[in-house]
>>> print(open('entry-v5.txt').read())   # compact mmCIF, C-alpha atoms
# COMPACT_ATOMS: atom_id res chain seq x y z
CA MET V 1488 31.80 116.60 50.39
CA GLU V 1489 30.33 118.90 53.04
CA ILE V 1490 32.37 120.94 55.54
CA LYS V 1491 30.55 121.81 58.75
CA LYS V 1492 30.87 122.14 62.50
CA VAL V 1493 30.73 118.70 64.08
CA PRO V 1494 27.71 118.11 66.36
CA PRO V 1495 28.09 116.20 69.67
CA SER V 1496 26.42 113.17 68.12
CA ASP V 1497 29.46 112.76 65.84
CA TYR V 1498 32.22 113.27 68.43
CA GLU V 1499 32.93 109.56 68.49
CA GLN V 1500 33.94 109.79 64.82
CA ILE V 1501 36.35 112.60 65.74
CA TYR V 1502 37.94 110.39 68.43
CA ARG V 1503 38.36 107.50 65.99
CA LEU V 1504 40.01 109.65 63.33
CA ARG V 1505 42.37 111.23 65.87
CA ASP V 1506 43.40 107.84 67.28
CA TYR V 1507 43.93 106.43 63.79
CA SER V 1508 46.02 109.37 62.57
CA PHE V 1509 48.33 110.05 65.52
CA PRO V 1510 51.02 107.86 67.11
CA SER V 1511 49.25 107.12 70.42
CA VAL V 1512 45.67 106.32 71.37
CA TYR V 1513 44.20 108.71 73.94
CA GLU V 1514 42.96 107.19 77.16
CA GLY V 1515 42.10 108.44 80.64
CA ASP V 1516 42.96 112.08 81.32
CA LYS V 1517 44.26 112.70 77.80
CA LYS V 1518 40.97 111.50 76.31
CA ALA V 1519 39.05 113.67 78.78
CA ASP V 1520 41.17 116.64 77.77
CA PHE V 1521 40.61 115.96 74.07
CA HIS V 1522 36.86 115.65 74.69
CA TYR V 1523 36.87 119.05 76.43
CA TRP V 1524 38.57 120.78 73.52
CA VAL V 1525 36.42 119.06 70.89
CA ALA V 1526 33.36 120.40 72.74
CA ASN V 1527 34.78 123.89 73.39
CA SER V 1528 36.54 124.58 70.08
CA THR V 1529 35.33 125.11 66.55
CA THR V 1530 35.54 121.45 65.53
CA LEU V 1531 35.20 121.15 61.77
CA GLY V 1532 34.54 117.94 59.91
CA ALA V 1533 34.65 117.03 56.23
CA TYR V 1534 31.68 114.73 55.59
CA GLU V 1535 31.06 112.23 52.85
CA GLN V 1536 27.83 110.24 53.09
CA ASN V 1537 27.44 111.26 56.76
CA GLU V 1538 30.91 109.96 57.62
CA ILE V 1539 33.75 112.21 58.78
CA ILE V 1540 36.74 111.76 56.47
CA GLY V 1541 38.80 114.76 57.63
CA GLN V 1542 38.87 117.14 60.58
CA LEU V 1543 40.55 120.01 62.37
CA LEU V 1544 40.01 121.93 65.60
CA VAL V 1545 40.27 125.70 66.06
CA LEU V 1546 40.99 126.22 69.76
CA PRO V 1547 39.84 129.60 71.22
CA LEU V 1548 43.09 130.97 72.61
CA ASN V 1549 45.06 134.24 72.72
CA MET V 1550 48.46 135.64 71.83
CA THR V 1551 50.33 138.72 72.99
CA VAL V 1552 51.79 140.68 70.06
CA HIS V 1553 54.07 143.52 71.18
CA GLY V 1554 52.09 144.12 74.37
CA VAL V 1555 48.61 143.72 72.88
CA ASN V 1556 46.66 140.56 73.75
CA ILE V 1557 44.86 139.37 70.62
CA PRO V 1558 42.26 136.58 70.18
CA MET V 1559 43.96 133.66 68.45
CA GLY V 1560 42.75 130.47 66.79
CA GLY V 1561 45.01 127.53 67.58
CA ILE V 1562 44.84 124.94 64.80
CA GLY V 1563 45.25 121.39 66.06
CA PHE V 1564 44.39 117.71 65.53
CA VAL V 1565 44.42 118.07 61.74
CA ALA V 1566 43.77 114.68 60.13
CA THR V 1567 42.39 112.95 57.04
CA TYR V 1568 41.92 109.24 56.43
CA PRO V 1569 44.58 108.07 53.90
CA GLU V 1570 42.08 106.81 51.34
CA HIS V 1571 40.59 110.31 51.12
CA ARG V 1572 43.82 112.28 50.68
CA ASN V 1573 44.58 114.22 47.49
CA LYS V 1574 40.87 115.05 47.13
CA GLY V 1575 41.07 118.61 48.45
CA VAL V 1576 39.68 117.70 51.86
CA MET V 1577 42.23 119.68 53.84
CA LYS V 1578 42.02 122.66 51.52
CA GLN V 1579 38.30 122.96 52.14
CA LEU V 1580 38.78 122.55 55.89
CA MET V 1581 41.45 125.27 56.00
CA ILE V 1582 39.27 127.71 54.04
CA LYS V 1583 36.33 127.04 56.36
CA ALA V 1584 38.58 127.45 59.42
CA LEU V 1585 39.83 130.85 58.20
CA GLU V 1586 36.27 132.03 57.58
CA SER V 1587 35.21 130.82 61.02
CA MET V 1588 38.13 132.52 62.78
CA ARG V 1589 37.33 135.80 61.06
CA ARG V 1590 33.67 135.63 62.15
CA GLN V 1591 34.71 134.94 65.74
CA GLY V 1592 37.21 137.78 65.87
CA GLN V 1593 40.28 135.54 66.08
CA LEU V 1594 42.67 137.89 64.32
CA VAL V 1595 45.69 135.57 64.28
CA SER V 1596 46.21 131.83 64.07
CA VAL V 1597 49.04 129.59 65.31
CA LEU V 1598 49.80 125.96 64.55
CA ALA V 1599 52.54 123.34 64.80
CA PRO V 1600 53.14 122.12 61.23
CA PHE V 1601 53.61 118.55 60.09
CA SER V 1602 54.88 120.18 56.88
CA VAL V 1603 56.05 123.80 56.71
CA SER V 1604 55.55 124.00 52.94
CA PHE V 1605 51.98 122.70 53.24
CA TYR V 1606 50.91 125.41 55.67
CA ARG V 1607 52.90 128.12 53.89
CA TYR V 1608 50.66 127.45 50.92
CA PHE V 1609 47.68 128.47 53.10
CA GLY V 1610 49.36 131.61 54.44
CA TRP V 1611 51.06 130.55 57.68
CA GLU V 1612 54.73 131.40 58.29
CA LEU V 1613 57.45 130.40 60.77
CA PHE V 1614 57.85 132.84 63.64
CA VAL V 1615 59.89 131.37 66.51
CA ASP V 1616 63.44 129.98 66.74
CA LYS V 1617 63.59 127.51 69.63
CA VAL V 1618 66.69 126.06 71.24
CA HIS V 1619 66.39 122.58 72.73
CA TYR V 1620 69.22 122.30 75.22
CA THR V 1621 70.81 119.44 77.16
CA VAL V 1622 73.18 120.45 79.96
CA PRO V 1623 75.15 117.45 81.29
CA ARG V 1624 76.05 117.27 84.97
CA THR V 1625 79.66 118.16 84.16
CA ALA V 1626 78.48 121.52 82.75
CA PHE V 1627 75.99 122.41 85.50
CA PRO V 1628 76.52 126.11 86.32
CA ASP V 1629 77.69 127.23 89.76
CA PHE V 1630 75.89 130.38 90.82
CA GLY V 1631 77.25 130.25 94.35
CA LYS V 1632 75.65 129.28 97.60
CA GLN V 1633 72.69 131.28 98.77
CA LEU V 1634 69.64 130.56 100.89
CA ASP V 1635 66.87 131.18 98.37
CA VAL V 1636 63.20 131.17 99.36
CA VAL V 1637 61.89 128.32 97.22
CA LYS V 1638 58.55 126.58 97.70
CA ARG V 1639 57.55 123.36 95.98
CA PHE V 1640 54.28 121.69 95.04
CA SER V 1641 52.97 119.38 92.33
CA PHE V 1642 49.71 118.56 90.61
CA SER V 1643 49.40 115.45 92.79
CA VAL V 1644 50.22 117.31 96.04
CA ASN V 1645 48.78 120.70 95.25
CA ASP V 1646 48.91 123.90 97.26
CA GLU V 1647 46.09 126.19 96.11
CA GLN V 1648 47.75 129.39 97.26
CA LEU V 1649 51.09 128.55 95.61
CA PHE V 1650 49.34 127.47 92.42
CA ASN V 1651 47.31 130.68 92.36
CA ASP V 1652 50.53 132.68 92.82
CA VAL V 1653 52.11 130.82 89.87
CA GLN V 1654 49.12 131.40 87.58
CA GLN V 1655 49.00 135.12 88.30
CA PHE V 1656 52.76 135.49 87.95
CA HIS V 1657 52.83 133.53 84.69
CA ASN V 1658 50.27 135.78 83.02
CA ALA V 1659 51.81 138.98 84.40
CA ILE V 1660 55.18 138.09 82.85
CA CYS V 1661 53.75 136.71 79.59
CA ALA V 1662 51.61 139.82 79.09
CA LYS V 1663 54.89 141.70 78.60
CA LYS V 1664 56.45 139.13 76.28
CA ASN V 1665 55.97 139.16 72.53
CA GLY V 1666 54.30 136.01 71.23
CA ALA V 1667 53.34 134.52 74.60
CA MET V 1668 49.96 133.04 75.42
CA LEU V 1669 48.09 133.95 78.60
CA ARG V 1670 46.86 130.80 80.35
CA ASP V 1671 43.34 130.60 81.73
CA ALA V 1672 41.99 127.92 84.08
CA ALA V 1673 41.05 125.66 81.16
CA TRP V 1674 44.59 125.73 79.76
CA TRP V 1675 46.14 124.97 83.14
CA LYS V 1676 43.70 122.06 83.45
CA ARG V 1677 44.86 120.85 80.06
CA ILE V 1678 48.49 120.94 81.23
CA GLU V 1679 47.55 118.98 84.36
CA ARG V 1680 45.73 116.33 82.34
CA ARG V 1681 48.53 115.91 79.83
CA GLN V 1682 51.48 116.26 82.23
CA PRO V 1683 50.11 115.12 85.61
CA THR V 1684 53.55 114.32 87.08
CA SER V 1685 54.73 117.94 86.85
CA HIS V 1686 56.41 119.52 89.87
CA PHE V 1687 56.70 123.25 90.57
CA ALA V 1688 59.43 125.23 92.33
CA VAL V 1689 58.54 128.84 93.07
CA VAL V 1690 61.08 131.52 94.06
CA TYR V 1691 59.95 134.32 96.37
CA GLU V 1692 61.52 137.63 97.27
CA GLN V 1693 59.88 139.59 100.08
CA GLN V 1694 56.76 137.40 99.76
CA GLU V 1695 56.48 138.14 96.05
CA VAL V 1696 56.93 135.56 93.29
CA ILE V 1697 59.92 136.39 91.09
CA GLY V 1698 60.17 133.11 89.18
CA TYR V 1699 59.06 129.51 88.86
CA VAL V 1700 60.06 126.34 87.09
CA ARG V 1701 57.71 123.48 86.18
CA TYR V 1702 59.50 120.19 85.62
CA ILE V 1703 59.50 116.42 85.72
CA ILE V 1704 62.30 114.06 86.76
CA SER V 1705 62.49 110.83 84.79
CA ASN V 1706 65.24 108.47 83.63
CA LEU V 1707 67.94 110.53 85.38
CA THR V 1708 66.80 113.63 83.49
CA PHE V 1709 65.52 116.91 84.92
CA GLU V 1710 63.14 118.08 82.17
CA VAL V 1711 62.17 121.75 82.30
CA GLN V 1712 58.62 122.37 81.07
CA ASP V 1713 58.24 126.04 82.10
CA PHE V 1714 60.94 128.48 83.14
CA ILE V 1715 59.47 131.92 83.84
CA VAL V 1716 61.43 134.60 85.69
CA LYS V 1717 61.11 138.29 86.50
CA ASN V 1718 64.83 139.05 86.70
CA TYR V 1719 68.30 137.53 86.71
CA CYS V 1720 68.21 136.98 90.50
CA ALA V 1721 65.29 134.61 89.98
CA HIS V 1722 67.12 132.99 87.04
CA LYS V 1723 70.12 132.18 89.23
CA ALA V 1724 67.95 130.99 92.11
CA LEU V 1725 66.12 128.51 89.89
CA TRP V 1726 69.38 127.20 88.45
CA ARG V 1727 70.67 126.72 91.99
CA PHE V 1728 67.51 124.72 92.72
CA MET V 1729 67.81 122.61 89.57
CA THR V 1730 71.51 121.83 89.98
CA ALA V 1731 70.85 120.82 93.60
CA HIS V 1732 69.52 117.61 92.00
CA ALA V 1733 73.01 116.69 90.74
CA ALA V 1734 73.11 113.58 92.91
CA SER V 1735 69.99 112.15 91.25
CA VAL V 1736 70.06 113.43 87.65
CA GLU V 1737 72.64 113.27 84.86
CA LYS V 1738 71.36 116.16 82.76
CA ILE V 1739 68.96 119.08 82.57
CA CYS V 1740 66.91 119.44 79.40
CA GLY V 1741 64.51 122.10 78.20
CA VAL V 1742 63.52 124.59 75.54
CA THR V 1743 64.34 128.27 75.33
CA SER V 1744 64.65 130.93 72.64
CA VAL V 1745 67.74 132.01 70.74
CA GLU V 1746 67.35 135.54 72.15
CA GLU V 1747 67.65 134.30 75.76
CA GLN V 1748 71.33 133.43 75.14
CA MET V 1749 71.06 130.81 77.86
CA GLY V 1750 74.40 129.71 79.22
CA PHE V 1751 76.24 132.93 78.46
CA LEU V 1752 77.40 133.17 82.08
CA PHE V 1753 77.86 129.44 82.65
CA GLN V 1754 81.39 128.40 83.60
CA GLU V 1755 81.13 125.62 80.97
CA PRO V 1756 78.86 126.97 78.22
CA GLN V 1757 79.66 124.17 75.76
CA TYR V 1758 76.66 121.86 75.81
CA LYS V 1759 74.26 120.40 73.27
CA ARG V 1760 71.84 122.78 71.57
CA GLU V 1761 69.46 122.00 68.74
CA LEU V 1762 67.62 124.72 66.82
CA THR V 1763 64.04 123.97 65.79
CA ARG V 1764 61.34 125.94 64.02
CA ASP V 1765 58.09 124.16 64.80
CA VAL V 1766 55.40 126.84 65.12
CA MET V 1767 53.80 129.02 62.47
CA VAL V 1768 51.62 132.13 62.60
CA ARG V 1769 49.12 133.76 60.28
CA ILE V 1770 47.17 137.00 60.39
CA VAL V 1771 43.53 136.12 59.73
CA ASP V 1772 42.04 139.61 59.46
CA VAL V 1773 44.63 142.16 58.32
CA GLU V 1774 42.52 145.29 58.74
CA LYS V 1775 41.47 144.57 62.31
CA PHE V 1776 44.94 143.31 63.23
CA LEU V 1777 46.52 146.53 61.95
CA GLN V 1778 43.97 148.53 63.97
CA GLN V 1779 45.08 146.82 67.19
CA TYR V 1780 48.79 146.75 66.41
CA ASN V 1781 51.14 148.57 68.79
CA TRP V 1782 53.00 150.78 66.29
CA ARG V 1783 56.25 152.18 67.62
CA ALA V 1784 56.86 155.35 65.58
CA LEU V 1785 54.86 156.41 62.53
CA GLU V 1786 56.80 159.21 60.85
CA ALA V 1787 54.83 159.09 57.60
CA ASN V 1788 51.92 157.24 56.05
CA LEU V 1789 52.69 153.60 55.30
CA TYR V 1790 51.15 151.60 52.46
CA VAL V 1791 51.05 147.82 52.16
CA GLN V 1792 49.46 145.74 49.40
CA ILE V 1793 48.56 142.24 50.58
CA THR V 1794 48.31 139.06 48.55
CA ASP V 1795 46.19 136.42 50.30
CA PRO V 1796 44.51 133.89 47.95
CA PHE V 1797 42.57 132.15 50.74
CA CYS V 1798 41.20 135.27 52.49
CA GLU V 1799 39.78 137.61 49.87
CA TRP V 1800 38.96 140.17 52.58
CA ASN V 1801 42.71 140.71 53.08
CA GLU V 1802 43.53 141.36 49.43
CA ALA V 1803 43.68 145.15 49.48
CA LEU V 1804 45.97 148.16 49.68
CA PHE V 1805 46.08 149.33 53.30
CA GLU V 1806 47.12 152.77 54.48
CA ILE V 1807 48.49 153.26 58.01
CA ASN V 1808 48.53 156.99 58.63
CA LYS V 1809 50.70 158.86 61.12
CA CYS V 1810 47.97 158.62 63.79
CA GLY V 1811 47.68 154.84 63.38
CA LYS V 1812 44.35 154.99 61.54
CA ILE V 1813 43.87 152.10 59.10
CA SER V 1814 42.10 152.51 55.76
CA LYS V 1815 41.70 150.60 52.52
CA VAL V 1816 42.71 152.89 49.67
CA SER V 1817 42.92 152.83 45.89
CA GLU V 1818 46.24 152.32 44.12
CA GLU V 1819 45.41 155.29 41.90
CA ASN V 1820 45.86 157.65 44.86
CA VAL V 1821 49.26 156.34 46.00
CA ARG V 1822 52.66 156.58 44.38
CA LYS V 1823 53.92 153.13 43.39
CA ALA V 1824 57.27 153.74 45.13
CA HIS V 1825 55.50 154.15 48.48
CA ILE V 1826 53.71 150.78 48.34
CA LEU V 1827 55.14 147.73 50.06
CA GLU V 1828 53.85 144.57 48.37
CA LEU V 1829 53.76 141.52 50.68
CA THR V 1830 52.20 138.09 50.88
CA ILE V 1831 50.17 137.35 53.99
CA ASN V 1832 53.00 135.02 55.09
CA HIS V 1833 55.61 137.75 55.01
CA LEU V 1834 53.36 140.36 56.62
CA SER V 1835 52.65 137.96 59.49
CA ALA V 1836 56.33 137.21 60.14
CA LEU V 1837 57.22 140.89 59.87
CA LEU V 1838 54.61 142.28 62.26
CA VAL V 1839 55.08 139.65 64.98
CA GLY V 1840 58.75 140.62 65.02
CA TYR V 1841 60.27 137.43 63.66
CA ILE V 1842 62.06 139.12 60.78
CA THR V 1843 63.22 142.68 60.22
CA MET V 1844 62.11 144.71 57.24
CA GLU V 1845 65.66 144.92 55.92
CA ARG V 1846 66.14 141.15 56.17
CA LEU V 1847 62.76 140.45 54.59
CA VAL V 1848 63.65 142.58 51.57
CA TYR V 1849 66.99 140.76 51.27
CA LEU V 1850 65.48 137.26 51.49
CA THR V 1851 62.40 137.76 49.33
CA ASN V 1852 63.45 140.38 46.76
CA VAL V 1853 60.57 142.63 47.80
CA SER V 1854 60.86 145.77 45.71
CA CYS V 1855 60.88 148.97 47.77
CA THR V 1856 63.01 152.02 48.42
CA GLU V 1857 65.50 152.54 51.23
CA GLU V 1858 63.19 155.21 52.63
CA VAL V 1859 60.25 152.77 52.81
CA ILE V 1860 62.46 150.21 54.57
CA ARG V 1861 63.56 152.84 57.09
CA LEU V 1862 59.97 153.94 57.83
CA TRP V 1863 58.75 150.38 58.38
CA GLU V 1864 61.75 149.55 60.57
CA LYS V 1865 60.99 152.52 62.81
CA ALA V 1866 57.28 151.64 62.96
CA ILE V 1867 57.62 147.98 64.01
CA PRO V 1868 58.63 147.05 67.59
CA SER V 1869 61.88 145.06 67.68
CA GLN V 1870 61.16 142.39 70.34
CA ALA V 1871 61.47 138.86 68.94
CA PRO V 1872 58.55 136.48 69.61
CA THR V 1873 58.59 133.39 71.82
CA PHE V 1874 55.88 130.72 71.86
CA TYR V 1875 56.13 127.46 73.79
CA GLU V 1876 52.56 126.12 74.00
CA TYR V 1877 51.41 123.03 72.09
CA PHE V 1878 47.94 122.20 70.79
>>> encode(input="entry-v5.txt", output="structure tokens")
Amino acid sequence: MEIKKVPPSDYEQIYRLRDYSFPSVYEGDKKADFHYWVANSTTLGAYEQNEIIGQLLVLPLNMTVHGVNIPMGGIGFVATYPEHRNKGVMKQLMIKALESMRRQGQLVSVLAPFSVSFYRYFGWELFVDKVHYTVPRTAFPDFGKQLDVVKRFSFSVNDEQLFNDVQQFHNAICAKKNGAMLRDAAWWKRIERRQPTSHFAVVYEQQEVIGYVRYIISNLTFEVQDFIVKNYCAHKALWRFMTAHAASVEKICGVTSVEEQMGFLFQEPQYKRELTRDVMVRIVDVEKFLQQYNWRALEANLYVQITDPFCEWNEALFEINKCGKISKVSEENVRKAHILELTINHLSALLVGYITMERLVYLTNVSCTEEVIRLWEKAIPSQAPTFYEYF
């Protein structure tokens, strides 16, 4: 078996494996979108006698971690033909993908797992709690009557100026969020190809965008695809817009984060919510990630020993000094009580803000002193991550 980057001459084999392995066959715009990402990603294939038996794509994306935008490899379209499973195909592909991401400076990686335990084995960890909500018409909130400045457009009836305003606003807000992905023109084109019936409603205040919602209406359902706001005034304005569809829809559905506490000020806050954990993150290059990390308060030198069986370059004892300088040091020069020993999974979840140091120690029996816990808690920003993109 040989693992290598797939040349254009073999793209047709990639299409066949994807169509065989996933529920629907891609046609039209979706096939065009897949072709674009096959050509513009690191597309890896596992070959046996010149035939592709397994594959994965590493999409060149980005992710904001506590205010710092970091190159990210998005793992997608992972597949192996059934007759070739249990032969180590995916293991070899994952190792090659990690090596490739490191070479290309993609310091973190995100994926949507078909099996959490499978990807945990390779170092990825859960990092977002999502709430899928369904608000029935009887629970629609009433935020009063007000003449909001709302402008609409859609992919089919586009307004270039409005769309440009939305794109700039989206990235300006997401740059301040922890875990968000900035969208470039290629990603917006992907959204258009995959969700061509999307509508947009944009709220303005003094000719400035303060919020937008992207949505579709189908089968008496108002489905929210994006809900991005600058402040609570925009939040209320968009809910007034959405509930204005009460005569034609029975419910409003969407996805938000636990931290948003959506519905807290609804008159009828009892509606269906379902918690899901369907995205995972992994630090690919610990040293470079630590160098770019936005430390909050470093009161003393911190020491962390990393276990990472699939990335030997990460298996080291790292020192973060009070100035934020990162070094690999010898255990002989550091008191054992000062060293925090973590797997790459736990370090990833900790530094992206998904879990606190105190909670991590409780859940994993990590051995460290109360003083070490306190120092790490003060050093790590406290904003929880949100991530809503799909590969």
>>> closest_residue(input="entry-v5.txt", among="V:Val1622, V:Val1716, V:Ala1526, V:Leu1850", to="Pro1547 in chain V", atoms="all atoms listed in the file")
V:Ala1526
>>> closest_residue(input="entry-v5.txt", among="V:Ser1854, V:Gln1792, V:Thr1684, V:Asn1781", to="Val1821 in chain V", atoms="all atoms listed in the file")
V:Gln1792
>>> closest_atom_pairs(input="entry-v5.txt", of="range 1543-1640 of chain V", to="range 1655-1675 of chain V", cutoff="10 Å", atoms="all atoms listed in the file", output="CSV")
residue,atom,partner,partner_atom,distance
V:Leu1548,CA,V:Met1668,CA,7.7
V:Asn1549,CA,V:Met1668,CA,5.7
V:Met1550,CA,V:Met1668,CA,4.7
V:Thr1551,CA,V:Gly1666,CA,5.1
V:Val1552,CA,V:Asn1665,CA,5.1
V:His1553,CA,V:Asn1665,CA,4.9
V:Gly1554,CA,V:Lys1663,CA,5.6
V:Val1555,CA,V:Ala1662,CA,7.9
V:Asn1556,CA,V:Ala1662,CA,7.3
V:Ile1557,CA,V:Met1668,CA,9.4
V:Pro1558,CA,V:Met1668,CA,10.0
V:Met1559,CA,V:Met1668,CA,9.2
V:Phe1614,CA,V:Gly1666,CA,9.0
V:Val1615,CA,V:Gly1666,CA,8.7
>>> axis_aligned_box(input="entry-v5.txt", around="range 1698-1713 of chain V", padding_each_side="8 Å", output="lines of an AutoDock Vina configuration file")
center_x = 62.8
center_y = 120.8
center_z = 85.1
size_x = 26.2
size_y = 40.6
size_z = 24.1
>>> residues_around(input="entry-v5.txt", residues="Leu1804 in chain V", least_positions_apart="5", cutoff="10 Å", atoms="all atoms listed in the file", output="number ranges by chain")
V: 1790-1794, 1814-1818, 1821, 1826-1828
>>> write_last_selection(input="entry-v5.txt", atoms="C-alpha atoms", output="PDB file, in the coordinates of the input")
ATOM      1  CA  TYR V1790      51.150 151.600  52.460  1.00  0.00           C
ATOM      2  CA  VAL V1791      51.050 147.820  52.160  1.00  0.00           C
ATOM      3  CA  GLN V1792      49.460 145.740  49.400  1.00  0.00           C
ATOM      4  CA  ILE V1793      48.560 142.240  50.580  1.00  0.00           C
ATOM      5  CA  THR V1794      48.310 139.060  48.550  1.00  0.00           C
ATOM      6  CA  SER V1814      42.100 152.510  55.760  1.00  0.00           C
ATOM      7  CA  LYS V1815      41.700 150.600  52.520  1.00  0.00           C
ATOM      8  CA  VAL V1816      42.710 152.890  49.670  1.00  0.00           C
ATOM      9  CA  SER V1817      42.920 152.830  45.890  1.00  0.00           C
ATOM     10  CA  GLU V1818      46.240 152.320  44.120  1.00  0.00           C
ATOM     11  CA  VAL V1821      49.260 156.340  46.000  1.00  0.00           C
ATOM     12  CA  ILE V1826      53.710 150.780  48.340  1.00  0.00           C
ATOM     13  CA  LEU V1827      55.140 147.730  50.060  1.00  0.00           C
ATOM     14  CA  GLU V1828      53.850 144.570  48.370  1.00  0.00           C
TER      15      GLU V1828
END
>>> residues_around(input="entry-v5.txt", residues="range 1625-1639 of chain V", least_positions_apart="6", cutoff="10 Å", atoms="only C-alpha atoms", output="ChimeraX atom specification")
/V:1645-1646,1649-1650,1686-1694,1696,1698-1701,1720-1731,1733,1737-1739,1750,1752-1758
>>> write_last_selection(input="entry-v5.txt", atoms="C-alpha atoms", output="PDB file, keeping the file's coordinate frame")
ATOM      1  CA  ASN V1645      48.780 120.700  95.250  1.00  0.00           C
ATOM      2  CA  ASP V1646      48.910 123.900  97.260  1.00  0.00           C
ATOM      3  CA  LEU V1649      51.090 128.550  95.610  1.00  0.00           C
ATOM      4  CA  PHE V1650      49.340 127.470  92.420  1.00  0.00           C
ATOM      5  CA  HIS V1686      56.410 119.520  89.870  1.00  0.00           C
ATOM      6  CA  PHE V1687      56.700 123.250  90.570  1.00  0.00           C
ATOM      7  CA  ALA V1688      59.430 125.230  92.330  1.00  0.00           C
ATOM      8  CA  VAL V1689      58.540 128.840  93.070  1.00  0.00           C
ATOM      9  CA  VAL V1690      61.080 131.520  94.060  1.00  0.00           C
ATOM     10  CA  TYR V1691      59.950 134.320  96.370  1.00  0.00           C
ATOM     11  CA  GLU V1692      61.520 137.630  97.270  1.00  0.00           C
ATOM     12  CA  GLN V1693      59.880 139.590 100.080  1.00  0.00           C
ATOM     13  CA  GLN V1694      56.760 137.400  99.760  1.00  0.00           C
ATOM     14  CA  VAL V1696      56.930 135.560  93.290  1.00  0.00           C
ATOM     15  CA  GLY V1698      60.170 133.110  89.180  1.00  0.00           C
ATOM     16  CA  TYR V1699      59.060 129.510  88.860  1.00  0.00           C
ATOM     17  CA  VAL V1700      60.060 126.340  87.090  1.00  0.00           C
ATOM     18  CA  ARG V1701      57.710 123.480  86.180  1.00  0.00           C
ATOM     19  CA  CYS V1720      68.210 136.980  90.500  1.00  0.00           C
ATOM     20  CA  ALA V1721      65.290 134.610  89.980  1.00  0.00           C
ATOM     21  CA  HIS V1722      67.120 132.990  87.040  1.00  0.00           C
ATOM     22  CA  LYS V1723      70.120 132.180  89.230  1.00  0.00           C
ATOM     23  CA  ALA V1724      67.950 130.990  92.110  1.00  0.00           C
ATOM     24  CA  LEU V1725      66.120 128.510  89.890  1.00  0.00           C
ATOM     25  CA  TRP V1726      69.380 127.200  88.450  1.00  0.00           C
ATOM     26  CA  ARG V1727      70.670 126.720  91.990  1.00  0.00           C
ATOM     27  CA  PHE V1728      67.510 124.720  92.720  1.00  0.00           C
ATOM     28  CA  MET V1729      67.810 122.610  89.570  1.00  0.00           C
ATOM     29  CA  THR V1730      71.510 121.830  89.980  1.00  0.00           C
ATOM     30  CA  ALA V1731      70.850 120.820  93.600  1.00  0.00           C
ATOM     31  CA  ALA V1733      73.010 116.690  90.740  1.00  0.00           C
ATOM     32  CA  GLU V1737      72.640 113.270  84.860  1.00  0.00           C
ATOM     33  CA  LYS V1738      71.360 116.160  82.760  1.00  0.00           C
ATOM     34  CA  ILE V1739      68.960 119.080  82.570  1.00  0.00           C
ATOM     35  CA  GLY V1750      74.400 129.710  79.220  1.00  0.00           C
ATOM     36  CA  LEU V1752      77.400 133.170  82.080  1.00  0.00           C
ATOM     37  CA  PHE V1753      77.860 129.440  82.650  1.00  0.00           C
ATOM     38  CA  GLN V1754      81.390 128.400  83.600  1.00  0.00           C
ATOM     39  CA  GLU V1755      81.130 125.620  80.970  1.00  0.00           C
ATOM     40  CA  PRO V1756      78.860 126.970  78.220  1.00  0.00           C
ATOM     41  CA  GLN V1757      79.660 124.170  75.760  1.00  0.00           C
ATOM     42  CA  TYR V1758      76.660 121.860  75.810  1.00  0.00           C
TER      43      TYR V1758
END
>>> residues_around(input="entry-v5.txt", residues="Met1488 in chain V", least_positions_apart="3", cutoff="8 Å", atoms="only C-alpha atoms", output="list in words")
Ala1533, Tyr1534, Glu1535 and Gln1536 of chain V
>>> residues_around(input="entry-v5.txt", residues="Arg1760 in chain V", least_positions_apart="6", cutoff="8 Å", atoms="all atoms listed in the file", output="PyMOL selection string")
chain V and resi 1618-1621
>>> closest_residue(input="entry-v5.txt", among="V:Glu1747, V:Asp1497, V:Glu1774, V:Glu1489", to="Gly1811 in chain V", atoms="all atoms listed in the file")
V:Glu1774
>>> closest_atom_pairs(input="entry-v5.txt", of="range 1601-1705 of chain V", to="range 1831-1845 of chain V", cutoff="6 Å", atoms="only C-alpha atoms", output="CSV")
residue,atom,partner,partner_atom,distance
V:Gly1610,CA,V:Asn1832,CA,5.0
V:Trp1611,CA,V:Asn1832,CA,5.5
V:Glu1612,CA,V:Asn1832,CA,5.1
V:Phe1614,CA,V:Tyr1841,CA,5.2
>>> closest_residue(input="entry-v5.txt", among="V:Ala1824, V:Leu1862, V:Ile1539, V:Leu1829", to="Glu1786 in chain V", atoms="all atoms listed in the file")
V:Leu1862
>>> atom_distance(input="entry-v5.txt", atom1="CA of Asn1706 in chain V", atom2="CA of Val1736 in chain V")
8.0 Å
>>> residues_near_point(input="entry-v5.txt", point="(64.6, 128.6, 73.7)", cutoff="10 Å", atoms="all atoms listed in the file", output="list in words")
Val1615, Asp1616, Lys1617, Val1618, His1619, Tyr1620, Gly1741, Val1742, Thr1743, Ser1744, Val1745, Glu1746, Glu1747, Gln1748, Met1749, Arg1760, Glu1761, Leu1762, Thr1763, Thr1873, Phe1874 and Tyr1875 of chain V
>>> atom_distance(input="entry-v5.txt", atom1="CA of Pro1510 in chain V", atom2="CA of Ser1587 in chain V")
28.5 Å
>>> residues_around(input="entry-v5.txt", residues="Asn1527 in chain V", least_positions_apart="3", cutoff="9 Å", atoms="only C-alpha atoms", output="ChimeraX atom specification")
/V:1522-1524,1530,1546-1547
>>> atom_distance(input="entry-v5.txt", atom1="CA of Ile1807 in chain V", atom2="CA of Leu1789 in chain V")
5.0 Å
>>> closest_residue(input="entry-v5.txt", among="V:Trp1863, V:Lys1491, V:Phe1564, V:Phe1642", to="Arg1677 in chain V", atoms="all atoms listed in the file")
V:Phe1642
